[in-house]
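Peer 1: File target-v5.txt follows (compact mmCIF, C-alpha atoms (C1' of nucleotides)):
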```
# COMPACT_ATOMS: atom_id res chain seq x y z
CA MET J 1 4.73 -42.01 -54.68
CA LYS J 2 5.38 -38.35 -54.58
CA GLU J 3 2.76 -35.78 -53.70
CA THR J 4 2.50 -32.70 -55.74
CA PRO J 5 4.18 -30.06 -53.63
CA LYS J 6 1.79 -27.69 -51.94
CA ASN J 7 2.22 -23.99 -52.12
CA PRO J 8 4.17 -22.75 -49.15
CA ILE J 9 2.13 -21.19 -46.40
CA LEU J 10 2.91 -17.52 -46.00
CA PHE J 11 2.76 -16.15 -42.49
CA ILE J 12 2.55 -12.46 -41.84
CA VAL J 13 3.06 -11.53 -38.21
CA GLY J 14 3.69 -8.39 -36.26
CA PRO J 15 2.26 -6.11 -33.63
CA THR J 16 -1.23 -4.77 -33.65
CA GLY J 17 -1.61 -1.68 -35.77
CA ALA J 18 1.33 -2.42 -38.04
CA GLY J 19 -0.86 -2.97 -41.06
CA LYS J 20 -0.80 -6.74 -41.34
CA SER J 21 -4.33 -7.14 -42.62
CA LYS J 22 -3.95 -4.73 -45.47
CA LEU J 23 -0.67 -6.21 -46.50
CA ALA J 24 -2.16 -9.67 -46.40
CA ILE J 25 -4.97 -8.70 -48.72
CA ARG J 26 -2.53 -7.30 -51.17
CA VAL J 27 -0.40 -10.40 -51.07
CA ALA J 28 -3.42 -12.65 -51.38
CA ARG J 29 -4.61 -10.76 -54.45
CA ARG J 30 -1.25 -11.13 -56.08
CA LEU J 31 -0.88 -14.83 -55.37
CA ARG J 32 -4.43 -16.11 -55.62
CA GLY J 33 -4.44 -16.50 -51.91
CA GLU J 34 -6.94 -16.78 -49.13
CA ILE J 35 -6.44 -15.36 -45.70
CA ILE J 36 -6.39 -17.25 -42.43
CA SER J 37 -6.52 -15.19 -39.26
CA MET J 38 -4.20 -15.93 -36.38
CA ASP J 39 -5.84 -13.78 -33.80
CA SER J 40 -7.21 -14.99 -30.49
CA MET J 41 -9.90 -12.33 -30.22
CA GLN J 42 -11.16 -12.08 -33.77
CA ILE J 43 -12.55 -15.57 -33.37
CA TYR J 44 -15.43 -14.12 -31.36
CA ARG J 45 -18.60 -13.22 -33.17
CA GLY J 46 -19.87 -9.73 -32.59
CA MET J 47 -16.59 -8.37 -31.35
CA ASP J 48 -15.93 -6.56 -34.58
CA ILE J 49 -14.97 -2.97 -34.03
CA GLY J 50 -12.91 -3.60 -30.91
CA THR J 51 -10.85 -6.34 -32.48
CA ASP J 52 -10.49 -4.43 -35.72
CA LYS J 53 -11.80 -7.18 -37.95
CA PRO J 54 -11.39 -6.72 -41.68
CA SER J 55 -14.26 -4.94 -43.35
CA ARG J 56 -16.95 -6.55 -45.43
CA TRP J 57 -15.36 -5.07 -48.47
CA ALA J 58 -12.03 -6.66 -47.63
CA ARG J 59 -13.65 -10.01 -47.02
CA TRP J 60 -15.47 -9.75 -50.27
CA ARG J 61 -12.27 -9.10 -52.15
CA VAL J 62 -10.40 -12.02 -50.60
CA PRO J 63 -11.86 -14.98 -48.74
CA HIS J 64 -11.08 -14.79 -45.03
CA HIS J 65 -10.98 -17.74 -42.65
CA LEU J 66 -11.04 -18.30 -38.90
CA PHE J 67 -12.98 -15.22 -37.99
CA ASP J 68 -16.20 -15.44 -36.00
CA LEU J 69 -15.68 -19.04 -34.95
CA VAL J 70 -17.49 -18.97 -31.63
CA ARG J 71 -19.90 -16.91 -29.61
CA PRO J 72 -18.15 -14.57 -27.21
CA ASP J 73 -19.43 -16.53 -24.24
CA GLN J 74 -17.92 -19.77 -25.48
CA GLU J 75 -14.55 -21.17 -24.57
CA PHE J 76 -11.81 -21.74 -27.04
CA SER J 77 -8.29 -23.07 -26.97
CA VAL J 78 -5.08 -23.12 -28.92
CA TYR J 79 -5.68 -26.74 -29.63
CA GLU J 80 -8.98 -26.03 -31.28
CA TYR J 81 -7.44 -23.17 -33.15
CA ARG J 82 -4.74 -25.35 -34.54
CA ASN J 83 -7.22 -27.91 -35.83
CA ARG J 84 -9.28 -25.24 -37.47
CA PHE J 85 -6.19 -23.81 -39.04
CA PHE J 86 -5.26 -27.00 -40.83
CA GLU J 87 -8.82 -27.59 -41.86
CA ALA J 88 -8.91 -24.21 -43.54
CA ALA J 89 -5.42 -24.52 -44.94
CA GLU J 90 -6.15 -27.87 -46.55
CA LYS J 91 -9.22 -26.47 -48.17
CA ILE J 92 -7.31 -23.58 -49.65
CA LEU J 93 -4.31 -25.60 -50.74
CA GLY J 94 -6.58 -28.21 -52.21
CA LYS J 95 -7.81 -25.59 -54.63
CA GLY J 96 -4.24 -24.89 -55.62
CA LYS J 97 -4.38 -21.55 -53.90
CA THR J 98 -2.04 -19.98 -51.40
CA VAL J 99 -2.53 -19.65 -47.66
CA VAL J 100 -1.80 -16.21 -46.33
CA ALA J 101 -1.88 -16.54 -42.55
CA VAL J 102 -2.00 -13.24 -40.73
CA GLY J 103 -2.06 -12.41 -37.10
CA GLY J 104 -0.51 -11.23 -33.93
CA THR J 105 -1.25 -13.99 -31.45
CA GLY J 106 2.19 -15.45 -30.96
CA LEU J 107 0.98 -18.58 -29.28
CA TYR J 108 -1.30 -19.43 -32.19
CA VAL J 109 1.47 -18.91 -34.68
CA LYS J 110 3.73 -21.09 -32.63
CA ALA J 111 1.16 -23.82 -32.28
CA VAL J 112 0.82 -23.98 -36.04
CA VAL J 113 4.45 -23.57 -37.04
CA ASP J 114 6.22 -25.43 -34.26
CA GLY J 115 3.37 -27.77 -33.46
CA LEU J 116 1.45 -28.55 -30.34
CA SER J 117 2.31 -31.55 -28.27
CA PRO J 118 -0.40 -34.20 -28.05
CA HIS J 119 -0.96 -34.02 -24.32
CA PRO J 120 -4.54 -33.81 -23.09
CA GLY J 121 -6.56 -30.65 -22.66
CA LYS J 122 -7.68 -29.09 -19.46
CA ASP J 123 -9.57 -30.85 -16.73
CA GLU J 124 -11.79 -28.45 -14.88
CA GLY J 125 -11.99 -30.68 -11.82
CA ILE J 126 -8.27 -31.01 -11.34
CA ARG J 127 -7.73 -27.39 -12.08
CA ASN J 128 -10.26 -26.21 -9.54
CA ARG J 129 -8.83 -28.46 -6.91
CA LEU J 130 -5.32 -27.19 -7.50
CA GLU J 131 -6.53 -23.60 -7.56
CA LYS J 132 -8.12 -24.16 -4.21
CA ILE J 133 -4.96 -25.58 -2.74
CA ALA J 134 -3.00 -22.63 -4.07
CA ALA J 135 -5.46 -20.19 -2.54
CA GLU J 136 -5.73 -21.88 0.82
CA GLU J 137 -2.35 -23.40 1.44
CA GLY J 138 -0.16 -21.34 -0.83
CA LEU J 139 1.32 -21.76 -4.24
CA ASN J 140 4.62 -22.84 -2.72
CA LEU J 141 3.06 -26.12 -1.82
CA LEU J 142 2.13 -26.82 -5.42
CA TYR J 143 5.49 -25.73 -6.65
CA ALA J 144 7.20 -28.00 -4.17
CA ARG J 145 5.01 -30.84 -5.32
CA LEU J 146 5.99 -30.19 -8.92
CA GLN J 147 9.65 -30.01 -8.00
CA LYS J 148 9.41 -33.46 -6.54
CA ALA J 149 7.31 -35.02 -9.29
CA ASP J 150 8.76 -33.27 -12.31
CA PRO J 151 11.96 -31.42 -11.49
CA GLY J 152 12.75 -30.65 -15.12
CA VAL J 153 9.58 -28.72 -15.77
CA ALA J 154 9.64 -27.15 -12.31
CA LYS J 155 13.04 -25.75 -13.05
CA ARG J 156 11.91 -23.86 -16.10
CA LEU J 157 8.92 -22.33 -14.30
CA HIS J 158 9.05 -19.45 -11.88
CA PRO J 159 7.62 -20.32 -8.43
CA ASN J 160 5.02 -17.57 -8.89
CA ASP J 161 3.82 -18.81 -12.24
CA LYS J 162 0.58 -20.26 -10.98
CA LYS J 163 -1.02 -20.95 -14.32
CA ARG J 164 1.82 -23.03 -15.63
CA ILE J 165 2.54 -24.80 -12.37
CA ILE J 166 -1.06 -25.91 -12.24
CA ARG J 167 -1.01 -26.89 -15.87
CA ALA J 168 2.11 -28.99 -15.39
CA LEU J 169 0.58 -30.77 -12.41
CA GLU J 170 -2.62 -31.28 -14.31
CA VAL J 171 -0.89 -33.02 -17.20
CA LEU J 172 1.09 -35.11 -14.77
CA GLU J 173 -2.01 -36.20 -12.94
CA LEU J 174 -3.96 -36.84 -16.10
CA THR J 175 -1.33 -38.89 -17.89
CA GLY J 176 1.35 -39.81 -15.39
CA LYS J 177 3.82 -38.29 -17.78
CA SER J 178 5.77 -35.08 -17.67
CA LEU J 179 4.84 -32.16 -19.86
CA ALA J 180 8.38 -32.23 -21.18
CA GLU J 181 7.95 -35.83 -22.25
CA TRP J 182 4.83 -34.94 -24.17
CA GLU J 183 6.52 -32.05 -25.79
CA ARG J 184 9.06 -34.30 -27.39
CA LYS J 185 6.25 -35.67 -29.53
CA THR J 186 5.49 -32.31 -31.07
CA ILE J 187 5.45 -32.25 -34.84
CA PRO J 188 6.48 -29.03 -36.52
CA LEU J 189 4.97 -27.76 -39.72
CA GLU J 190 7.71 -28.87 -42.08
CA ALA J 191 7.61 -32.40 -40.70
CA MET J 192 3.95 -32.43 -41.66
CA GLY J 193 4.90 -31.81 -45.23
CA TYR J 194 4.19 -28.12 -45.47
CA GLY J 195 6.52 -25.49 -46.74
CA TYR J 196 6.26 -22.08 -45.19
CA ARG J 197 7.70 -18.62 -44.90
CA LEU J 198 7.47 -16.25 -41.98
CA PHE J 199 7.32 -12.52 -42.55
CA GLY J 200 7.17 -9.80 -39.96
CA ILE J 201 6.34 -6.16 -40.37
CA ARG J 202 8.96 -3.96 -38.85
CA THR J 203 7.91 -0.53 -37.68
CA GLY J 204 9.50 2.02 -35.44
CA ARG J 205 7.94 1.97 -32.04
CA LEU J 206 6.98 5.62 -32.10
CA ALA J 207 5.25 5.34 -35.45
CA LEU J 208 3.50 2.22 -34.26
CA TYR J 209 2.28 3.90 -31.10
CA LYS J 210 0.96 6.78 -33.14
CA ALA J 211 -0.87 4.43 -35.46
CA ILE J 212 -2.40 2.72 -32.45
CA ASP J 213 -3.68 5.99 -31.02
CA ARG J 214 -5.25 6.82 -34.34
CA ARG J 215 -6.83 3.43 -34.59
CA VAL J 216 -8.38 3.62 -31.15
CA ASP J 217 -9.89 7.00 -31.95
CA CYS J 218 -11.25 5.49 -35.12
CA MET J 219 -12.82 2.61 -33.21
CA PHE J 220 -14.66 5.05 -31.01
CA ARG J 221 -16.00 6.84 -34.05
CA LYS J 222 -17.19 3.56 -35.47
CA GLY J 223 -19.25 2.79 -32.40
CA MET J 224 -16.96 0.84 -30.12
CA VAL J 225 -18.88 1.92 -27.05
CA LYS J 226 -22.17 0.74 -28.41
CA GLU J 227 -20.73 -2.57 -29.48
CA ALA J 228 -19.24 -3.19 -26.06
CA PHE J 229 -22.45 -2.15 -24.36
CA ARG J 230 -24.38 -4.68 -26.36
CA LEU J 231 -21.93 -7.42 -25.39
CA ARG J 232 -21.62 -6.62 -21.69
CA ASP J 233 -22.48 -9.60 -19.48
CA LYS J 234 -22.41 -11.80 -22.54
CA LEU J 235 -18.71 -12.50 -22.69
CA SER J 236 -16.65 -15.39 -21.43
CA ALA J 237 -13.85 -14.55 -19.03
CA THR J 238 -11.40 -14.64 -21.90
CA ALA J 239 -13.39 -12.50 -24.29
CA ALA J 240 -14.17 -10.00 -21.55
CA GLN J 241 -10.50 -9.28 -21.10
CA ALA J 242 -10.03 -8.10 -24.66
CA ILE J 243 -8.52 -4.66 -24.78
CA GLY J 244 -11.08 -2.02 -25.59
CA TYR J 245 -13.85 -3.96 -23.95
CA ARG J 246 -12.46 -4.55 -20.50
CA GLU J 247 -11.76 -0.85 -20.01
CA LEU J 248 -15.32 0.02 -20.90
CA TRP J 249 -16.92 -2.09 -18.18
CA GLY J 250 -15.87 0.54 -15.67
CA TYR J 251 -17.51 3.21 -17.76
CA PHE J 252 -20.78 1.33 -17.92
CA GLU J 253 -20.74 1.05 -14.15
CA GLY J 254 -20.18 4.77 -13.87
CA LYS J 255 -16.72 4.35 -12.41
CA ALA J 256 -14.78 6.01 -15.19
CA ASN J 257 -15.34 8.67 -17.78
CA LEU J 258 -14.98 8.10 -21.46
CA VAL J 259 -11.93 10.26 -21.94
CA GLU J 260 -10.00 8.29 -19.32
CA VAL J 261 -11.22 5.04 -20.76
CA ARG J 262 -10.09 5.93 -24.21
CA GLU J 263 -6.62 6.84 -22.99
CA LYS J 264 -6.43 3.59 -21.05
CA ILE J 265 -7.33 1.64 -24.16
CA LYS J 266 -4.59 3.36 -26.09
CA GLN J 267 -2.10 2.65 -23.40
CA HIS J 268 -3.04 -0.99 -23.02
CA THR J 269 -2.93 -1.46 -26.76
CA ARG J 270 0.57 -0.02 -26.79
CA ASN J 271 1.58 -2.40 -24.00
CA PHE J 272 0.14 -5.25 -25.99
CA ALA J 273 1.99 -4.25 -29.14
CA LYS J 274 5.20 -4.20 -27.18
CA LYS J 275 4.63 -7.70 -25.91
CA GLN J 276 3.96 -8.89 -29.44
CA LEU J 277 7.16 -7.27 -30.60
CA ILE J 278 9.06 -9.11 -27.89
CA TRP J 279 7.44 -12.39 -28.78
CA PHE J 280 8.25 -12.26 -32.48
CA LYS J 281 11.64 -10.66 -32.06
CA ARG J 282 13.25 -13.84 -30.90
CA ASP J 283 12.06 -15.93 -33.83
CA SER J 284 15.03 -15.95 -36.13
CA ARG J 285 13.05 -17.50 -38.98
CA ILE J 286 11.07 -14.34 -39.50
CA VAL J 287 12.05 -12.20 -42.45
CA TRP J 288 11.47 -8.63 -41.36
CA LEU J 289 9.92 -6.27 -43.87
CA SER J 290 9.83 -2.53 -44.01
CA GLY J 291 9.01 0.12 -46.54
CA THR J 292 5.81 0.80 -48.38
CA GLU J 293 3.04 -1.71 -48.62
CA LYS J 294 3.88 -2.28 -52.23
CA GLU J 295 7.54 -2.91 -51.52
CA MET J 296 6.69 -5.36 -48.80
CA THR J 297 4.24 -7.13 -51.05
CA ASP J 298 6.81 -7.43 -53.80
CA ARG J 299 9.29 -8.88 -51.42
CA ILE J 300 6.87 -11.46 -50.11
CA VAL J 301 5.79 -12.44 -53.58
CA ARG J 302 9.38 -12.80 -54.68
CA MET J 303 10.30 -14.90 -51.69
CA ALA J 304 7.20 -17.03 -51.94
CA GLY J 305 8.80 -18.53 -54.99
CA LEU J 306 5.63 -18.32 -57.00
CA PRO J 307 4.71 -16.49 -60.16
CA GLY J 308 2.53 -13.45 -59.69
CA LYS J 309 -1.01 -13.50 -60.93
C1' G T 1 -10.60 37.18 4.36
C1' G T 2 -11.73 32.86 8.03
C1' C T 3 -11.75 27.56 8.98
C1' A T 4 -10.49 22.51 7.54
C1' C T 5 -7.66 19.17 4.88
C1' G T 6 -3.68 18.15 1.74
C1' G T 7 1.53 18.91 -0.86
C1' U T 8 6.13 11.89 -0.86
C1' A T 9 9.41 9.54 -8.00
C1' G T 10 6.65 10.82 -14.77
C1' C T 11 1.44 9.74 -12.38
C1' C T 12 -1.45 7.58 -8.12
C1' A T 13 -0.50 6.47 -3.17
C1' A T 14 1.01 4.24 2.14
C1' G T 15 3.93 5.53 6.15
C1' U T 16 7.44 6.50 10.32
C1' G T 17 11.41 10.85 15.55
C1' G T 18 16.63 6.81 13.34
C1' C T 19 17.29 1.38 6.69
C1' A T 20 11.06 5.92 2.86
C1' A T 21 5.52 0.29 1.29
C1' G T 22 2.97 -0.55 -2.94
C1' G T 23 0.44 0.31 -7.65
C1' C T 24 0.55 2.51 -12.60
C1' G T 25 3.86 3.98 -16.29
C1' A T 26 8.65 3.14 -18.74
C1' G T 27 12.55 -0.50 -20.29
C1' A T 28 14.10 -5.70 -20.77
C1' G T 29 12.31 -10.73 -20.88
C1' U T 30 9.62 -15.68 -20.23
C1' C T 31 5.85 -18.40 -22.75
C1' U T 32 3.00 -25.82 -25.29
C1' G T 33 -4.78 -26.29 -24.39
C1' C T 34 -7.67 -18.99 -20.74
C1' A T 35 -2.43 -15.81 -24.54
C1' A T 36 -5.42 -8.87 -26.03
C1' A T 37 -3.84 -13.73 -20.48
C1' A T 38 -0.21 -14.97 -16.85
C1' C T 39 4.62 -14.55 -14.88
C1' U T 40 9.90 -12.49 -14.15
C1' C T 41 13.73 -8.76 -13.89
C1' U T 42 15.23 -3.55 -14.10
C1' U T 43 14.05 1.59 -13.30
C1' A T 44 13.46 6.93 -9.70
C1' U T 45 19.91 10.33 -4.29
C1' A T 46 10.62 11.32 -4.19
C1' C T 47 8.99 13.61 1.39
C1' G T 48 6.57 22.07 -1.27
C1' C T 49 9.93 26.34 0.85
C1' C T 50 12.38 28.79 5.21
C1' G T 51 13.40 28.50 10.15
C1' G T 52 13.01 26.06 15.15
C1' U T 53 13.04 21.75 18.78
C1' U T 54 16.22 17.27 18.82
C1' C T 55 22.11 13.43 19.09
C1' G T 56 18.96 12.83 14.73
C1' A T 57 13.10 15.65 11.32
C1' U T 58 9.80 13.39 5.71
C1' U T 59 7.51 12.77 10.66
C1' C T 60 6.98 17.48 16.12
C1' C T 61 6.50 23.28 16.36
C1' G T 62 6.21 28.24 13.79
C1' G T 63 5.99 31.04 9.37
C1' C T 64 5.50 31.20 4.10
C1' C T 65 3.95 29.33 -0.80
C1' C T 66 0.64 26.18 -3.63
C1' G T 67 -3.87 23.05 -4.20
C1' U T 68 -8.79 21.34 -2.64
C1' G T 69 -13.26 21.85 0.17
C1' C T 70 -16.41 24.62 3.30
C1' C T 71 -17.82 29.38 5.43
C1' U T 72 -18.34 34.86 5.09
```
Starting from the coordinates I provided, produce the structure as structure tokens.
Peer 2:
Amino acid sequence: MKETPKNPILFIVGPTGAGKSKLAIRVARRLRGEIISMDSMQIYRGMDIGTDKPSRWARWRVPHHLFDLVRPDQEFSVYEYRNRFFEAAEKILGKGKTVVAVGGTGLYVKAVVDGLSPHPGKDEGIRNRLEKIAAEEGLNLLYARLQKADPGVAKRLHPNDKKRIIRALEVLELTGKSLAEWERKTIPLEAMGYGYRLFGIRTGRLALYKAIDRRVDCMFRKGMVKEAFRLRDKLSATAAQAIGYRELWGYFEGKANLVEVREKIKQHTRNFAKKQLIWFKRDSRIVWLSGTEKEMTDRIVRMAGLPGK
RNA sequence: GGCACGGUAGCCAAGUGGCAAGGCGAGAGUCUGCAAAACUCUUAUACGCCGGUUCGAUUCCGGCCCGUGCCU
């Protein structure tokens, strides 16, 4: 028996400050869509101004999903994200509507589109033990161990890449199988029966950097400092490293002045945008859009292969 | 005006009588359960100026210029 084909999932990716959210709303309004966020920091409740979450008004106009999933002191993972994504997507598609997935967290996009292999999650005990070995006896030891036990994975990792070396050893210890072996079981989106389209917003780097500067100034006007102050000491390690917040800790301790902090935030946001650009650049499936918001919307709607509203 | 300290790459900064650390930034990349993270590569003929000592000075000496602090 044949399933009725689902609407293709539309992904809109790009660097921070490129205007993804606004474009997504426009697209969603045209296609009877709902928005799913693909952002690793907007999942935290209360971190609103600093992560530039869509306004109430925007959320009222179009339903938004996968914002405010956890408290900022809670842990989260790509795995969990991926599950939540499909939960939300199914709900939307079930209504005959269109999923407009927007975001700049490359890893999350990848986990959804290319799949995530079914290997087990982290094991705090193993991780701590390996961390300790790395600290006391040197990372080389761990790398050497990995080279012996799993030469294939060792080869693709740099000897200084502590996080991934430990992760590879962890999976090995937990399952007796190589990470690479697990990865062969990954199921990409199309194999799951979903159609999809990837769109990226192309902007000149200078224009993007300017937009970022403006946005950071705007965040300060909206009360970024107050928001961060309220959240200080209440954030998990991951949430506390969010740009805009992590720079302010120094200010609260009297170690930096606000002007410096603001410039640092701008700079770090630019660095981040650059990394996002690099991440998405290599994905040849992405259709790159430029022009006005309306032109980009038209193009997406046309390529989505669906009638407009 | 006097005294003290300082002047090293776009910025910060260590250091030595004989190849001048590092960090930030910038550029290019990697990425499978912390990802706004982590990691990699590339990047600068940089020692304030003028003399002196020396085989050799960024380093020691003298003068000058500039900055900072203190004193009058």
Peer 1: As a list in words, please: the residues near Lys91 of chain J (cut-off 12 Å, only C-alpha atoms (C1' of nucleotides), same-chain neighbours under 3 positions excluded).
Peer 2: Lys6, Gly33, Glu34, Ile35, Ile36, Pro63, His65, Arg84, Phe85, Phe86, Glu87, Ala88, Gly94, Lys95, Gly96, Lys97, Thr98 and Val99 of chain J
Peer 1: With only C-alpha atoms (C1' of nucleotides) as the atoms that count, which of J:Phe67, J:Tyr81, J:Phe199, J:Phe272 lies nearest to chain T?
Peer 2: J:Phe272
Peer 1: For chain J, which residues have at least one atom within 8 Å of chain T, if we go by all atoms listed in the file? Write them as a list in words, please.
Peer 2: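 Selected residues: Ser40, Met41, Ser77, Val78, Tyr79, Thr105, Gly106, Leu107, Ala111, Leu116, Ser117, Pro120, Gly121, Lys122, His158, Asn160, Asp161, Lys162, Lys163, Glu183, Ala237, Thr238, Gln241, Ala242, Ile243, Thr269, Phe272 and Ile278 of chain J.
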Peer 1: Nearest residue to Ile165 of chain J out of J:Leu258, J:Trp182, J:Lys177, J:Arg127, using all atoms listed in the file?
Peer 2: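 Smallest distance to Ile165 of chain J is found for J:Arg127.
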Peer 1: Any idea what the distance is between atom CA of Ile212 of chain J and atom CA of Asp114 of chain J?
Peer 2: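 Spanning atom CA of Ile212 of chain J to atom CA of Asp114 of chain J is a straight-line distance of 29.5 Å.
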Peer 1: Which residues, written as an mmCIF file with C-alpha atoms (C1' of nucleotides), in the coordinates of the input, have at least one atom at most 12 Å from A26 of chain T, with all atoms listed in the file counted and residues fewer than 2 positions away on the same chain left out?
Peer 2:
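Done, and the output landed in result_14.cif:
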```
data_model
loop_
_atom_site.group_PDB
_atom_site.id
_atom_site.type_symbol
_atom_site.label_atom_id
_atom_site.label_comp_id
_atom_site.auth_asym_id
_atom_site.auth_seq_id
_atom_site.Cartn_x
_atom_site.Cartn_y
_atom_site.Cartn_z
ATOM 1 C CA GLN J 267 -2.100 2.650 -23.400
ATOM 2 C CA ARG J 270 0.570 -0.020 -26.790
ATOM 3 C CA ASN J 271 1.580 -2.400 -24.000
ATOM 4 C CA LYS J 274 5.200 -4.200 -27.180
ATOM 5 C "C1'" G T 10 6.650 10.820 -14.770
ATOM 6 C "C1'" C T 11 1.440 9.740 -12.380
ATOM 7 C "C1'" C T 24 0.550 2.510 -12.600
ATOM 8 C "C1'" A T 28 14.100 -5.700 -20.770
ATOM 9 C "C1'" U T 42 15.230 -3.550 -14.100
ATOM 10 C "C1'" U T 43 14.050 1.590 -13.300
ATOM 11 C "C1'" A T 44 13.460 6.930 -9.700
#
```
Peer 1: Could you work out how far atom CA of Gly103 of chain J lies from atom CA of Arg282 of chain J, giving the answer in Å with one decimal?
Peer 2: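 About the pair atom CA of Arg282 of chain J and atom CA of Gly103 of chain J: they are 16.6 Å apart.
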Peer 1: For atom CA of Ala240 of chain J and atom CA of Pro72 of chain J, determine how far apart the two atoms are, in Å to one decimal place.
Peer 2: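 A separation of 8.3 Å between them.
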Peer 1: Near Glu173 of chain J, counting all atoms listed in the file, which residues have an atom at most 12 Å away, once you skip same-chain residues fewer than 6 positions from it, shown as a PyMOL selection string?
Peer 2: chain J and resi 119-120+122-123+125-127+129-130+145-146+149-150+166-167+179
Peer 1: If you count only C-alpha atoms (C1' of nucleotides), which residues fall within 7 Å of Ala101 of chain J, apart from same-chain ones fewer than 4 positions away, as a PyMOL selection string?
Peer 2: chain J and resi 10-12+35-38
